[in-house]
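Chemist: Just one file: coords_18.pdb, with PDB, C-alpha atoms.
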```
ATOM      1  CA  PHE A1060       6.827  14.053 -23.679
ATOM      2  CA  ASN A1061       8.208  14.773 -27.174
ATOM      3  CA  GLY A1062       6.334  11.762 -28.518
ATOM      4  CA  GLN A1063       7.651   9.421 -25.815
ATOM      5  CA  LYS A1064       5.461   7.772 -23.190
ATOM      6  CA  ALA A1065       6.814   8.735 -19.774
ATOM      7  CA  VAL A1066       4.390   6.342 -18.082
ATOM      8  CA  ASP A1067       2.420   3.636 -19.842
ATOM      9  CA  GLY A1068      -0.603   1.763 -18.540
ATOM     10  CA  LEU A1069       0.056   2.129 -14.821
ATOM     11  CA  ASP A1070      -2.615   0.468 -12.679
ATOM     12  CA  PHE A1071      -2.172   0.218  -8.916
ATOM     13  CA  SER A1072      -3.704   1.377  -5.637
ATOM     14  CA  ILE A1073      -2.076   2.901  -2.562
ATOM     15  CA  LEU A1074      -3.695   2.137   0.772
ATOM     16  CA  GLN A1075      -4.638   4.825   3.272
ATOM     17  CA  GLY A1076      -1.873   5.236   5.851
ATOM     18  CA  GLU A1077       0.631   3.245   3.787
ATOM     19  CA  PHE A1078       4.291   4.069   3.206
ATOM     20  CA  PHE A1079       4.521   3.406  -0.528
ATOM     21  CA  SER A1080       7.627   3.805  -2.705
ATOM     22  CA  LEU A1081       8.090   4.263  -6.437
ATOM     23  CA  LEU A1082      11.456   2.715  -7.272
ATOM     24  CA  GLY A1083      13.388   2.538 -10.510
ATOM     25  CA  PRO A1084      16.334   3.866 -12.513
ATOM     26  CA  SER A1085      16.554   7.386 -13.905
ATOM     27  CA  GLY A1086      13.975   7.979 -16.629
ATOM     28  CA  CYS A1087      11.690   5.119 -15.596
ATOM     29  CA  GLY A1088       8.673   7.392 -14.976
ATOM     30  CA  LYS A1089       8.608   7.517 -11.179
ATOM     31  CA  THR A1090       8.842  11.317 -10.850
ATOM     32  CA  THR A1091       6.266  11.762 -13.622
ATOM     33  CA  THR A1092       3.944   9.456 -11.664
ATOM     34  CA  LEU A1093       4.467  11.585  -8.546
ATOM     35  CA  ARG A1094       3.726  14.747 -10.531
ATOM     36  CA  LEU A1095       0.517  13.169 -11.823
ATOM     37  CA  ILE A1096      -0.586  12.493  -8.238
ATOM     38  CA  ALA A1097       0.344  16.050  -7.221
ATOM     39  CA  GLY A1098      -1.499  17.560 -10.190
ATOM     40  CA  PHE A1099       1.560  19.141 -11.818
ATOM     41  CA  GLU A1100       0.934  16.920 -14.856
ATOM     42  CA  GLN A1101      -2.325  15.593 -16.304
ATOM     43  CA  PRO A1102      -2.736  12.068 -17.751
ATOM     44  CA  ASP A1103      -3.508  11.688 -21.451
ATOM     45  CA  GLU A1104      -5.900   8.870 -20.590
ATOM     46  CA  GLY A1105      -7.113   6.965 -17.548
ATOM     47  CA  SER A1106      -8.202   8.227 -14.127
ATOM     48  CA  LEU A1107      -6.525   9.128 -10.861
ATOM     49  CA  TYR A1108      -8.424   8.917  -7.576
ATOM     50  CA  ILE A1109      -7.506  10.459  -4.213
ATOM     51  CA  ASP A1110      -9.802   9.726  -1.257
ATOM     52  CA  GLU A1111     -12.103   7.943  -3.744
ATOM     53  CA  LYS A1112     -12.556  11.154  -5.788
ATOM     54  CA  ASP A1113     -11.529  11.469  -9.441
ATOM     55  CA  VAL A1114      -8.998  14.331  -9.459
ATOM     56  CA  ASN A1115      -8.302  14.499 -13.205
ATOM     57  CA  GLY A1116      -8.230  18.185 -14.060
ATOM     58  CA  VAL A1117      -8.147  19.274 -10.409
ATOM     59  CA  PRO A1118      -5.281  21.779  -9.896
ATOM     60  CA  PRO A1119      -2.552  21.025  -7.324
ATOM     61  CA  PHE A1120      -3.710  23.581  -4.744
ATOM     62  CA  LYS A1121      -7.151  21.956  -4.618
ATOM     63  CA  ARG A1122      -5.795  18.453  -3.958
ATOM     64  CA  ASN A1123      -5.252  17.377  -0.370
ATOM     65  CA  VAL A1124      -1.624  16.473  -1.052
ATOM     66  CA  ASN A1125       1.691  18.194  -0.356
ATOM     67  CA  THR A1126       5.104  17.613  -1.904
ATOM     68  CA  VAL A1127       8.609  17.652  -0.423
ATOM     69  CA  PHE A1128      10.957  18.305  -3.340
ATOM     70  CA  GLN A1129      14.501  17.062  -3.766
ATOM     71  CA  SER A1130      15.744  20.674  -3.645
ATOM     72  CA  TYR A1131      13.452  21.388  -0.635
ATOM     73  CA  ALA A1132      12.223  24.591  -2.441
ATOM     74  CA  LEU A1133      12.577  26.741   0.690
ATOM     75  CA  PHE A1134      12.420  30.541   0.524
ATOM     76  CA  PRO A1135      15.897  31.862   1.470
ATOM     77  CA  HIS A1136      14.557  35.359   2.329
ATOM     78  CA  LEU A1137      12.131  33.946   4.926
ATOM     79  CA  ASN A1138      13.000  32.479   8.301
ATOM     80  CA  VAL A1139      11.983  28.966   9.372
ATOM     81  CA  PHE A1140       8.671  30.086  10.891
ATOM     82  CA  GLU A1141       7.613  31.999   7.776
ATOM     83  CA  ASN A1142       8.622  29.151   5.463
ATOM     84  CA  VAL A1143       6.399  26.729   7.362
ATOM     85  CA  ALA A1144       3.607  29.326   7.605
ATOM     86  CA  PHE A1145       3.602  30.109   3.877
ATOM     87  CA  GLY A1146       0.877  27.676   2.820
ATOM     88  CA  LEU A1147      -1.241  28.436   5.883
ATOM     89  CA  ARG A1148      -1.217  32.154   5.089
ATOM     90  CA  ARG A1149      -2.324  31.427   1.507
ATOM     91  CA  ARG A1150      -5.292  29.530   2.937
ATOM     92  CA  GLY A1151      -6.273  32.641   4.934
ATOM     93  CA  LEU A1152      -5.970  31.197   8.445
ATOM     94  CA  GLU A1153      -6.006  33.470  11.489
ATOM     95  CA  GLU A1154      -2.625  34.353  12.999
ATOM     96  CA  ASP A1155      -3.280  32.402  16.212
ATOM     97  CA  GLU A1156      -4.137  29.278  14.192
ATOM     98  CA  ILE A1157      -1.087  29.775  11.961
ATOM     99  CA  ARG A1158       1.253  29.993  14.955
ATOM    100  CA  LYS A1159      -0.311  26.912  16.534
ATOM    101  CA  GLU A1160       0.088  24.817  13.360
ATOM    102  CA  VAL A1161       3.630  26.045  12.648
ATOM    103  CA  LEU A1162       4.825  25.181  16.159
ATOM    104  CA  ARG A1163       3.046  21.814  16.004
ATOM    105  CA  SER A1164       4.751  20.990  12.707
ATOM    106  CA  LEU A1165       8.193  22.108  13.901
ATOM    107  CA  ALA A1166       7.794  19.940  17.002
ATOM    108  CA  LEU A1167       7.017  16.933  14.803
ATOM    109  CA  VAL A1168      10.378  17.297  13.069
ATOM    110  CA  ARG A1169      12.260  18.273  16.260
ATOM    111  CA  LEU A1170      12.951  21.893  15.300
ATOM    112  CA  GLU A1171      11.062  23.579  18.158
ATOM    113  CA  ASP A1172      13.759  26.192  18.828
ATOM    114  CA  PHE A1173      14.565  27.010  15.204
ATOM    115  CA  GLU A1174      11.599  29.159  14.227
ATOM    116  CA  ARG A1175      13.621  32.402  13.907
ATOM    117  CA  ARG A1176      16.627  30.881  12.143
ATOM    118  CA  ARG A1177      17.417  31.864   8.579
ATOM    119  CA  ILE A1178      17.520  29.090   5.994
ATOM    120  CA  ARG A1179      21.212  29.686   5.230
ATOM    121  CA  GLN A1180      22.001  28.993   8.901
ATOM    122  CA  LEU A1181      20.673  25.425   8.662
ATOM    123  CA  SER A1182      22.396  22.190   7.708
ATOM    124  CA  GLY A1183      21.092  20.045   4.847
ATOM    125  CA  GLY A1184      19.285  17.740   7.255
ATOM    126  CA  GLN A1185      17.677  20.672   9.073
ATOM    127  CA  GLN A1186      16.541  22.206   5.786
ATOM    128  CA  GLN A1187      14.919  18.909   4.883
ATOM    129  CA  ARG A1188      13.040  18.940   8.179
ATOM    130  CA  VAL A1189      11.794  22.468   7.507
ATOM    131  CA  ALA A1190      10.493  21.300   4.118
ATOM    132  CA  MET A1191       8.763  18.378   5.866
ATOM    133  CA  ALA A1192       7.235  20.690   8.491
ATOM    134  CA  ARG A1193       5.916  23.035   5.803
ATOM    135  CA  ALA A1194       4.282  20.132   3.968
ATOM    136  CA  LEU A1195       2.787  18.662   7.155
ATOM    137  CA  ALA A1196       1.417  21.993   8.387
ATOM    138  CA  ASN A1197      -1.394  21.753   5.824
ATOM    139  CA  LYS A1198      -2.441  18.333   7.212
ATOM    140  CA  PRO A1199      -2.456  16.563   3.825
ATOM    141  CA  SER A1200      -4.021  13.146   3.370
ATOM    142  CA  VAL A1201      -1.052  12.238   1.126
ATOM    143  CA  LEU A1202       2.550  13.407   1.488
ATOM    144  CA  LEU A1203       4.660  13.103  -1.680
ATOM    145  CA  LEU A1204       8.441  12.827  -1.301
ATOM    146  CA  ASP A1205      10.569  13.368  -4.412
ATOM    147  CA  GLU A1206      13.984  11.884  -3.518
ATOM    148  CA  PRO A1207      14.231  14.132  -0.431
ATOM    149  CA  MET A1208      17.421  12.465   0.880
ATOM    150  CA  ALA A1209      19.419  12.415  -2.372
ATOM    151  CA  ALA A1210      21.686  15.307  -1.344
ATOM    152  CA  LEU A1211      22.485  14.023   2.172
ATOM    153  CA  ASP A1212      25.658  12.159   3.155
ATOM    154  CA  SER A1213      25.349   8.453   3.977
ATOM    155  CA  GLN A1214      25.273   8.758   7.788
ATOM    156  CA  LEU A1215      22.743  11.599   7.759
ATOM    157  CA  LYS A1216      20.692   9.670   5.213
ATOM    158  CA  ARG A1217      20.480   6.677   7.569
ATOM    159  CA  ASP A1218      19.430   8.935  10.452
ATOM    160  CA  MET A1219      16.782  10.656   8.334
ATOM    161  CA  ARG A1220      15.350   7.311   7.207
ATOM    162  CA  ARG A1221      14.736   6.320  10.811
ATOM    163  CA  GLU A1222      13.120   9.674  11.563
ATOM    164  CA  LEU A1223      10.988   9.595   8.433
ATOM    165  CA  LYS A1224       9.646   6.119   9.152
ATOM    166  CA  ALA A1225       8.906   6.989  12.785
ATOM    167  CA  LEU A1226       7.142  10.190  11.708
ATOM    168  CA  GLN A1227       4.944   8.359   9.212
ATOM    169  CA  ARG A1228       3.962   5.782  11.835
ATOM    170  CA  GLN A1229       3.185   8.560  14.321
ATOM    171  CA  LEU A1230       1.012  10.557  11.909
ATOM    172  CA  GLY A1231      -0.633   7.617  10.149
ATOM    173  CA  ILE A1232      -0.960   9.486   6.840
ATOM    174  CA  THR A1233      -0.055   8.138   3.408
ATOM    175  CA  PHE A1234       3.538   8.721   2.311
ATOM    176  CA  VAL A1235       4.538   8.224  -1.334
ATOM    177  CA  LEU A1236       8.306   8.230  -1.863
ATOM    178  CA  VAL A1237      10.166   8.450  -5.177
ATOM    179  CA  THR A1238      13.663   6.992  -5.029
ATOM    180  CA  HIS A1239      16.294   5.162  -7.087
ATOM    181  CA  ASP A1240      17.901   3.866  -3.870
ATOM    182  CA  GLN A1241      16.953   0.219  -3.312
ATOM    183  CA  GLU A1242      17.983   0.202   0.361
ATOM    184  CA  GLU A1243      15.905   3.315   1.008
ATOM    185  CA  ALA A1244      12.809   1.764  -0.552
ATOM    186  CA  LEU A1245      13.216  -1.599   1.187
ATOM    187  CA  THR A1246      13.824  -0.172   4.663
ATOM    188  CA  LEU A1247      11.083   2.468   4.625
ATOM    189  CA  SER A1248       8.194   0.980   2.686
ATOM    190  CA  ASP A1249       5.155  -1.145   3.386
ATOM    191  CA  ARG A1250       5.034  -1.836  -0.364
ATOM    192  CA  VAL A1251       7.231  -0.923  -3.314
ATOM    193  CA  ALA A1252       6.314  -0.378  -6.960
ATOM    194  CA  VAL A1253       9.211  -1.046  -9.358
ATOM    195  CA  LEU A1254       9.071   0.836 -12.674
ATOM    196  CA  ASP A1255      11.127   0.482 -15.839
ATOM    197  CA  LYS A1256      10.692   2.454 -19.061
ATOM    198  CA  GLY A1257       7.354   3.815 -17.880
ATOM    199  CA  ARG A1258       5.861   0.411 -17.143
ATOM    200  CA  LEU A1259       5.019  -1.172 -13.825
ATOM    201  CA  GLN A1260       7.138  -4.287 -13.229
ATOM    202  CA  GLN A1261       5.968  -5.383  -9.773
ATOM    203  CA  VAL A1262       4.181  -4.113  -6.655
ATOM    204  CA  SER A1263       4.993  -6.074  -3.505
ATOM    205  CA  PRO A1264       6.096  -5.802   0.135
ATOM    206  CA  PRO A1265       9.909  -5.425   0.347
ATOM    207  CA  GLU A1266      10.710  -8.997   1.387
ATOM    208  CA  GLN A1267       8.558 -10.525  -1.357
ATOM    209  CA  LEU A1268      10.087  -8.145  -3.888
ATOM    210  CA  TYR A1269      13.568  -9.306  -2.900
ATOM    211  CA  ARG A1270      12.920 -13.019  -2.492
ATOM    212  CA  LYS A1271      10.277 -13.578  -5.195
ATOM    213  CA  PRO A1272      10.887 -11.100  -8.051
ATOM    214  CA  GLU A1273       8.534 -11.494 -10.987
ATOM    215  CA  ASN A1274      11.149 -10.949 -13.700
ATOM    216  CA  ARG A1275      14.870 -10.503 -14.258
ATOM    217  CA  PHE A1276      14.765  -6.707 -14.216
ATOM    218  CA  VAL A1277      13.289  -6.656 -10.701
ATOM    219  CA  ALA A1278      15.692  -9.363  -9.502
ATOM    220  CA  GLU A1279      18.758  -7.470 -10.731
ATOM    221  CA  PHE A1280      17.564  -4.018  -9.693
ATOM    222  CA  ILE A1281      16.810  -5.184  -6.143
ATOM    223  CA  GLY A1282      20.251  -6.409  -5.082
ATOM    224  CA  ARG A1283      22.561  -9.011  -6.606
ATOM    225  CA  ALA A1284      21.197 -12.101  -8.336
ATOM    226  CA  ASN A1285      22.509 -15.246 -10.008
ATOM    227  CA  PHE A1286      20.675 -16.957 -12.875
ATOM    228  CA  LEU A1287      21.171 -20.650 -13.630
ATOM    229  CA  PRO A1288      19.707 -21.886 -16.952
ATOM    230  CA  ILE A1289      17.365 -24.767 -16.134
ATOM    231  CA  LYS A1290      15.826 -27.439 -18.349
ATOM    232  CA  VAL A1291      12.663 -29.247 -17.309
ATOM    233  CA  VAL A1292      12.928 -32.829 -18.550
ATOM    234  CA  GLY A1293       9.825 -34.838 -17.749
ATOM    235  CA  ASN A1294       9.247 -34.097 -14.076
ATOM    236  CA  GLN A1295      12.877 -33.241 -13.326
ATOM    237  CA  LEU A1296      14.853 -29.982 -13.114
ATOM    238  CA  GLN A1297      18.282 -30.139 -14.734
ATOM    239  CA  PHE A1298      21.295 -27.825 -14.817
ATOM    240  CA  GLN A1299      24.030 -28.681 -17.341
ATOM    241  CA  GLY A1300      22.527 -32.193 -17.500
ATOM    242  CA  ARG A1301      22.691 -32.660 -13.727
ATOM    243  CA  PRO A1302      19.373 -33.413 -11.927
ATOM    244  CA  LEU A1303      18.339 -30.971  -9.211
ATOM    245  CA  SER A1304      15.832 -31.087  -6.385
ATOM    246  CA  GLY A1305      12.962 -28.637  -6.647
ATOM    247  CA  GLU A1306       9.324 -28.310  -7.561
ATOM    248  CA  PRO A1307       9.050 -28.419 -11.368
ATOM    249  CA  PRO A1308       6.845 -25.738 -12.942
ATOM    250  CA  PRO A1309       3.483 -26.793 -14.416
ATOM    251  CA  ASN A1310       4.518 -26.224 -18.025
ATOM    252  CA  GLY A1311       7.395 -25.100 -20.214
ATOM    253  CA  SER A1312      10.914 -26.408 -20.611
ATOM    254  CA  ASP A1313      13.322 -23.472 -20.331
ATOM    255  CA  TYR A1314      13.716 -21.548 -17.069
ATOM    256  CA  SER A1315      16.245 -19.565 -15.061
ATOM    257  CA  TRP A1316      16.708 -20.279 -11.367
ATOM    258  CA  MET A1317      17.179 -16.902  -9.671
ATOM    259  CA  LEU A1318      19.363 -17.332  -6.576
ATOM    260  CA  ARG A1319      20.577 -14.572  -4.270
ATOM    261  CA  PRO A1320      24.309 -14.753  -3.399
ATOM    262  CA  GLU A1321      23.584 -15.247   0.311
ATOM    263  CA  SER A1322      21.330 -18.246  -0.414
ATOM    264  CA  LEU A1323      24.356 -20.104  -1.843
ATOM    265  CA  ARG A1324      27.175 -21.574   0.212
ATOM    266  CA  LEU A1325      30.434 -23.402  -0.374
ATOM    267  CA  GLY A1326      31.065 -26.825   1.149
ATOM    268  CA  GLN A1327      29.606 -30.296   1.268
ATOM    269  CA  PRO A1328      25.869 -30.450   0.499
ATOM    270  CA  ALA A1329      23.466 -31.326   3.300
ATOM    271  CA  GLU A1330      20.653 -33.802   2.733
ATOM    272  CA  GLU A1331      18.137 -32.575   0.119
ATOM    273  CA  GLU A1332      20.409 -29.659  -0.861
ATOM    274  CA  ASN A1333      21.359 -29.052  -4.460
ATOM    275  CA  SER A1334      25.041 -28.998  -5.328
ATOM    276  CA  VAL A1335      27.098 -28.237  -8.431
ATOM    277  CA  THR A1336      30.873 -28.179  -8.830
ATOM    278  CA  GLY A1337      32.697 -25.112 -10.023
ATOM    279  CA  ARG A1338      36.082 -23.403  -9.945
ATOM    280  CA  LEU A1339      36.820 -20.523  -7.581
ATOM    281  CA  ILE A1340      38.126 -17.591  -9.616
ATOM    282  CA  ASP A1341      38.051 -14.768  -7.056
ATOM    283  CA  SER A1342      37.356 -14.022  -3.379
ATOM    284  CA  THR A1343      36.952 -10.509  -2.000
ATOM    285  CA  PHE A1344      36.741  -9.452   1.640
ATOM    286  CA  VAL A1345      33.874  -6.936   2.038
ATOM    287  CA  GLY A1346      33.703  -6.345   5.787
ATOM    288  CA  PRO A1347      30.985  -8.628   7.189
ATOM    289  CA  ILE A1348      31.008 -10.903   4.114
ATOM    290  CA  ILE A1349      33.398 -12.625   1.737
ATOM    291  CA  ARG A1350      32.238 -12.457  -1.886
ATOM    292  CA  HIS A1351      33.294 -15.453  -3.997
ATOM    293  CA  GLN A1352      33.117 -15.693  -7.790
ATOM    294  CA  ILE A1353      32.629 -19.269  -9.027
ATOM    295  CA  LEU A1354      32.859 -20.437 -12.644
ATOM    296  CA  LEU A1355      30.338 -23.178 -13.465
ATOM    297  CA  GLY A1356      31.165 -24.927 -16.723
ATOM    298  CA  ASP A1357      32.622 -22.720 -19.447
ATOM    299  CA  ASP A1358      30.741 -19.455 -19.159
ATOM    300  CA  ILE A1359      28.442 -19.170 -16.118
ATOM    301  CA  VAL A1360      29.837 -17.159 -13.196
ATOM    302  CA  VAL A1361      27.893 -17.077  -9.920
ATOM    303  CA  THR A1362      28.437 -14.952  -6.833
ATOM    304  CA  VAL A1363      28.400 -16.574  -3.398
ATOM    305  CA  GLU A1364      28.349 -14.403  -0.273
ATOM    306  CA  GLU A1365      29.267 -15.931   3.083
ATOM    307  CA  PRO A1366      29.853 -14.351   6.516
ATOM    308  CA  SER A1367      33.502 -13.414   6.853
ATOM    309  CA  THR A1368      33.478 -14.924  10.355
ATOM    310  CA  ARG A1369      32.535 -18.392   9.076
ATOM    311  CA  SER A1370      36.043 -19.416   8.093
ATOM    312  CA  ALA A1371      39.454 -17.816   8.129
ATOM    313  CA  ALA A1372      40.560 -19.954   5.201
ATOM    314  CA  THR A1373      39.546 -19.125   1.634
ATOM    315  CA  PRO A1374      38.789 -22.226  -0.455
ATOM    316  CA  LYS A1375      40.902 -22.765  -3.559
ATOM    317  CA  GLY A1376      40.440 -24.641  -6.824
ATOM    318  CA  ASP A1377      37.312 -26.750  -7.334
ATOM    319  CA  VAL A1378      34.475 -26.095  -4.897
ATOM    320  CA  SER A1379      30.899 -27.283  -4.383
ATOM    321  CA  VAL A1380      28.167 -24.630  -4.575
ATOM    322  CA  CYS A1381      25.137 -25.654  -2.504
ATOM    323  CA  TRP A1382      21.608 -24.314  -2.043
ATOM    324  CA  SER A1383      18.270 -25.537  -0.724
ATOM    325  CA  ALA A1384      15.521 -26.551  -3.137
ATOM    326  CA  ASP A1385      13.169 -23.825  -1.882
ATOM    327  CA  SER A1386      15.661 -20.969  -2.365
ATOM    328  CA  GLY A1387      15.144 -18.266  -4.962
ATOM    329  CA  ARG A1388      12.625 -18.459  -7.773
ATOM    330  CA  LEU A1389      12.222 -20.201 -11.101
ATOM    331  CA  LEU A1390      11.558 -17.634 -13.807
ATOM    332  CA  PRO A1391      10.332 -18.533 -17.309
ATOM    333  CA  LYS A1392      13.052 -17.890 -19.861
ATOM    334  CA  GLU A1393      11.142 -14.997 -21.454
ATOM    335  CA  MET A1394      10.883 -13.295 -18.019
ATOM    336  CA  ALA A1395      14.547 -13.936 -17.203
ATOM    337  CA  GLY A1396      16.017 -12.271 -20.280
TER     338      GLY A1396
END
```
When written as structure tokens, how does the structure in this file appear?
Modeler:
Amino acid sequence: FNGQKAVDGLDFSILQGEFFSLLGPSGCGKTTTLRLIAGFEQPDEGSLYIDEKDVNGVPPFKRNVNTVFQSYALFPHLNVFENVAFGLRRRGLEEDEIRKEVLRSLALVRLEDFERRRIRQLSGGQQQRVAMARALANKPSVLLLDEPMAALDSQLKRDMRRELKALQRQLGITFVLVTHDQEEALTLSDRVAVLDKGRLQQVSPPEQLYRKPENRFVAEFIGRANFLPIKVVGNQLQFQGRPLSGEPPPNGSDYSWMLRPESLRLGQPAEEENSVTGRLIDSTFVGPIIRHQILLGDDIVVTVEEPSTRSAATPKGDVSVCWSADSGRLLPKEMAG
């Protein structure tokens, strides 16, 4: 668009019946990717396959996909029944078949008694369900979801996540979700594709994405992360000249050890644990956890998160930061930024 590449060299597959998410910050290319799948945009090069058929040049209405938009795109002058029936009428189905499919779809989203309601009489969550029912009525092989929960409050969003995941499992069709919400992607998805500046950064199941990110961008975008600069000297890992336990990489000398805050703890190191000394500079109570900020040396600050029930006393002054040798991931310096 305007000389800029919205997506660049994407290459991945989505499995049949999979809940797949496209995750990334605003402007990363995730919505453009969804529009390419839907047929609203055409790629400048490369191919797109749906059900093993090349759909380049195939218009949206001839693709067996349906989209639930962020705005829901419901018709305010039509009632719930007619909104859900809209696509079925365009396909020329008989009235008996239309009624059967509309009622089936409304039952799937638990709106059986809402068929005569006007759209303005519905809450945001109910409107979202109507949009889902309309998309499902056409029995697509792929359902595309463009940030459908962005406008919902936090409690309703949590409820809708549970319903959405249960619905996908019940139907067994492929769901492709676009979101910038990390928690949403991790809790709903079988696999997640992380995008940045139009490029694919990683495709992995949620736990692997969190625990074994392939670069610094993924590590920082998926939750909090600490990065310790590591030297490999001979067959030994070193931090600030101190030897550490851990499997040294096969080659290279400069690395960053990515460690999640919850994989660190304060206290005396257990056998085979790594430990470095630092100075506590801040502790914050955050409900179920206490978040500590520890200064290591002159300029490296790490975050340690511990259960708030572990100790009533907050440590002061110099503390030992401990972690197991198999925690986190060693990233080459060029991948760690």
Chemist: Pull the neighbourhood of (6.0, -3.5, -4.7) for me: all residues within 12 Å in file coordinates, counting only C-alpha atoms, as a ChimeraX atom specification.
Modeler: /A:1071-1073,1078-1083,1241,1244-1245,1248-1254,1259-1273,1277,1281
Chemist: Please, could you write that set of residues out with C-alpha atoms as a PDB file, in the frame of the given file?
Modeler:
```pdb
ATOM      1  CA  PHE A1071      -2.172   0.218  -8.916  1.00  0.00           C
ATOM      2  CA  SER A1072      -3.704   1.377  -5.637  1.00  0.00           C
ATOM      3  CA  ILE A1073      -2.076   2.901  -2.562  1.00  0.00           C
ATOM      4  CA  PHE A1078       4.291   4.069   3.206  1.00  0.00           C
ATOM      5  CA  PHE A1079       4.521   3.406  -0.528  1.00  0.00           C
ATOM      6  CA  SER A1080       7.627   3.805  -2.705  1.00  0.00           C
ATOM      7  CA  LEU A1081       8.090   4.263  -6.437  1.00  0.00           C
ATOM      8  CA  LEU A1082      11.456   2.715  -7.272  1.00  0.00           C
ATOM      9  CA  GLY A1083      13.388   2.538 -10.510  1.00  0.00           C
ATOM     10  CA  GLN A1241      16.953   0.219  -3.312  1.00  0.00           C
ATOM     11  CA  ALA A1244      12.809   1.764  -0.552  1.00  0.00           C
ATOM     12  CA  LEU A1245      13.216  -1.599   1.187  1.00  0.00           C
ATOM     13  CA  SER A1248       8.194   0.980   2.686  1.00  0.00           C
ATOM     14  CA  ASP A1249       5.155  -1.145   3.386  1.00  0.00           C
ATOM     15  CA  ARG A1250       5.034  -1.836  -0.364  1.00  0.00           C
ATOM     16  CA  VAL A1251       7.231  -0.923  -3.314  1.00  0.00           C
ATOM     17  CA  ALA A1252       6.314  -0.378  -6.960  1.00  0.00           C
ATOM     18  CA  VAL A1253       9.211  -1.046  -9.358  1.00  0.00           C
ATOM     19  CA  LEU A1254       9.071   0.836 -12.674  1.00  0.00           C
ATOM     20  CA  LEU A1259       5.019  -1.172 -13.825  1.00  0.00           C
ATOM     21  CA  GLN A1260       7.138  -4.287 -13.229  1.00  0.00           C
ATOM     22  CA  GLN A1261       5.968  -5.383  -9.773  1.00  0.00           C
ATOM     23  CA  VAL A1262       4.181  -4.113  -6.655  1.00  0.00           C
ATOM     24  CA  SER A1263       4.993  -6.074  -3.505  1.00  0.00           C
ATOM     25  CA  PRO A1264       6.096  -5.802   0.135  1.00  0.00           C
ATOM     26  CA  PRO A1265       9.909  -5.425   0.347  1.00  0.00           C
ATOM     27  CA  GLU A1266      10.710  -8.997   1.387  1.00  0.00           C
ATOM     28  CA  GLN A1267       8.558 -10.525  -1.357  1.00  0.00           C
ATOM     29  CA  LEU A1268      10.087  -8.145  -3.888  1.00  0.00           C
ATOM     30  CA  TYR A1269      13.568  -9.306  -2.900  1.00  0.00           C
ATOM     31  CA  ARG A1270      12.920 -13.019  -2.492  1.00  0.00           C
ATOM     32  CA  LYS A1271      10.277 -13.578  -5.195  1.00  0.00           C
ATOM     33  CA  PRO A1272      10.887 -11.100  -8.051  1.00  0.00           C
ATOM     34  CA  GLU A1273       8.534 -11.494 -10.987  1.00  0.00           C
ATOM     35  CA  VAL A1277      13.289  -6.656 -10.701  1.00  0.00           C
ATOM     36  CA  ILE A1281      16.810  -5.184  -6.143  1.00  0.00           C
TER      37      ILE A1281
END
```
Chemist: Sorted by chain and rising residue number, which residues of range 1196-1268 of chain A lie within 8 Å of range 1168-1186 of chain A, and what are their closest atom pairs and distances in Å to one decimal, counting all atoms listed in the file, as JSON lines?
Modeler:
```
{"residue": "A:Ala1210", "atom": "CA", "partner": "A:Gly1183", "partner_atom": "CA", "distance": 7.8}
{"residue": "A:Leu1211", "atom": "CA", "partner": "A:Gly1183", "partner_atom": "CA", "distance": 6.7}
{"residue": "A:Leu1215", "atom": "CA", "partner": "A:Gly1184", "partner_atom": "CA", "distance": 7.1}
{"residue": "A:Met1219", "atom": "CA", "partner": "A:Gly1184", "partner_atom": "CA", "distance": 7.6}
{"residue": "A:Leu1226", "atom": "CA", "partner": "A:Val1168", "partner_atom": "CA", "distance": 7.9}
```
Chemist: Applying the PyMOL selection byres ((chain A and resi 1336) around 12) to the file I just gave you, which residues come out? Please list them as a VMD selection string.
Modeler: chain A and resid 1298 to 1299 1301 1324 to 1328 1333 to 1335 1337 to 1339 1353 to 1356 1359 to 1361 1376 to 1381
Chemist: CA of Tyr1314 in chain A to CA of Ala1284 in chain A: how many Å, to one decimal?
Modeler: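 Atom-to-atom, CA of Tyr1314 in chain A and CA of Ala1284 in chain A are spaced 14.9 Å apart.
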Chemist: Mind giving me the straight-line distance from CA of Thr1092 in chain A to CA of Asp1255 in chain A in Å, one decimal?
Modeler: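 According to the coordinates, CA of Thr1092 in chain A and CA of Asp1255 in chain A are separated by 12.2 Å.
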Chemist: Using only C-alpha atoms, which of the listed residues (A:Arg1258, A:Arg1350, A:Lys1392, A:Arg1188) sits closest to Phe1286 in chain A?
Modeler: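 Once distances to Phe1286 in chain A are computed over only C-alpha atoms, the minimum belongs to A:Lys1392.
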Chemist: Do you know which residues lie at most 12 Å from (7.8, 12.4, -24.0), with coordinates as in the file and only C-alpha atoms counted, and could you write them as a count of residues only?
Modeler: 15
Chemist: For the file shown, what are the residues hit by the PyMOL selection byres ((chain A and resi 1117) around 12), laid out as a PyMOL selection string?
Modeler: chain A and resi 1095-1102+1106-1109+1112-1116+1118-1124
Chemist: What does the distance between CA of Thr1246 in chain A and CA of Thr1233 in chain A come to in Å, to one decimal place?
Modeler: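 That distance, rounded to one decimal, is 16.2 Å.
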Chemist: For Phe1134 in chain A, work out the shell of residues within 12 Å, counting only C-alpha atoms and skipping chain neighbours fewer than 3 positions away, then give it as a PyMOL selection string.
Modeler: chain A and resi 1130-1131+1137-1145+1177-1179+1186+1189-1190+1193
Chemist: A:Thr1368, A:Thr1126, A:Asn1294, A:Ser1322: which is nearest Val1235 in chain A, counting all atoms listed in the file?
Modeler: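 Result for the nearest residue to Val1235 in chain A: A:Thr1126.
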Chemist: Find the residues near Leu1247 in chain A: any atom within 7 Å, counting only C-alpha atoms, skip ones fewer than 3 places away on the same chain, and give them as a ChimeraX atom specification.
Modeler: /A:1220,1224,1243-1244
Chemist: How about saving the chosen residues, C-alpha atoms kept, as a short mmCIF file (atom, residue, chain, number, x, y, z; two decimals), in the coordinates of the input?
Modeler:
```
data_model
loop_
_atom_site.label_atom_id
_atom_site.label_comp_id
_atom_site.auth_asym_id
_atom_site.auth_seq_id
_atom_site.Cartn_x
_atom_site.Cartn_y
_atom_site.Cartn_z
CA ARG A 1220 15.35 7.31 7.21
CA LYS A 1224 9.65 6.12 9.15
CA GLU A 1243 15.90 3.32 1.01
CA ALA A 1244 12.81 1.76 -0.55
#
```
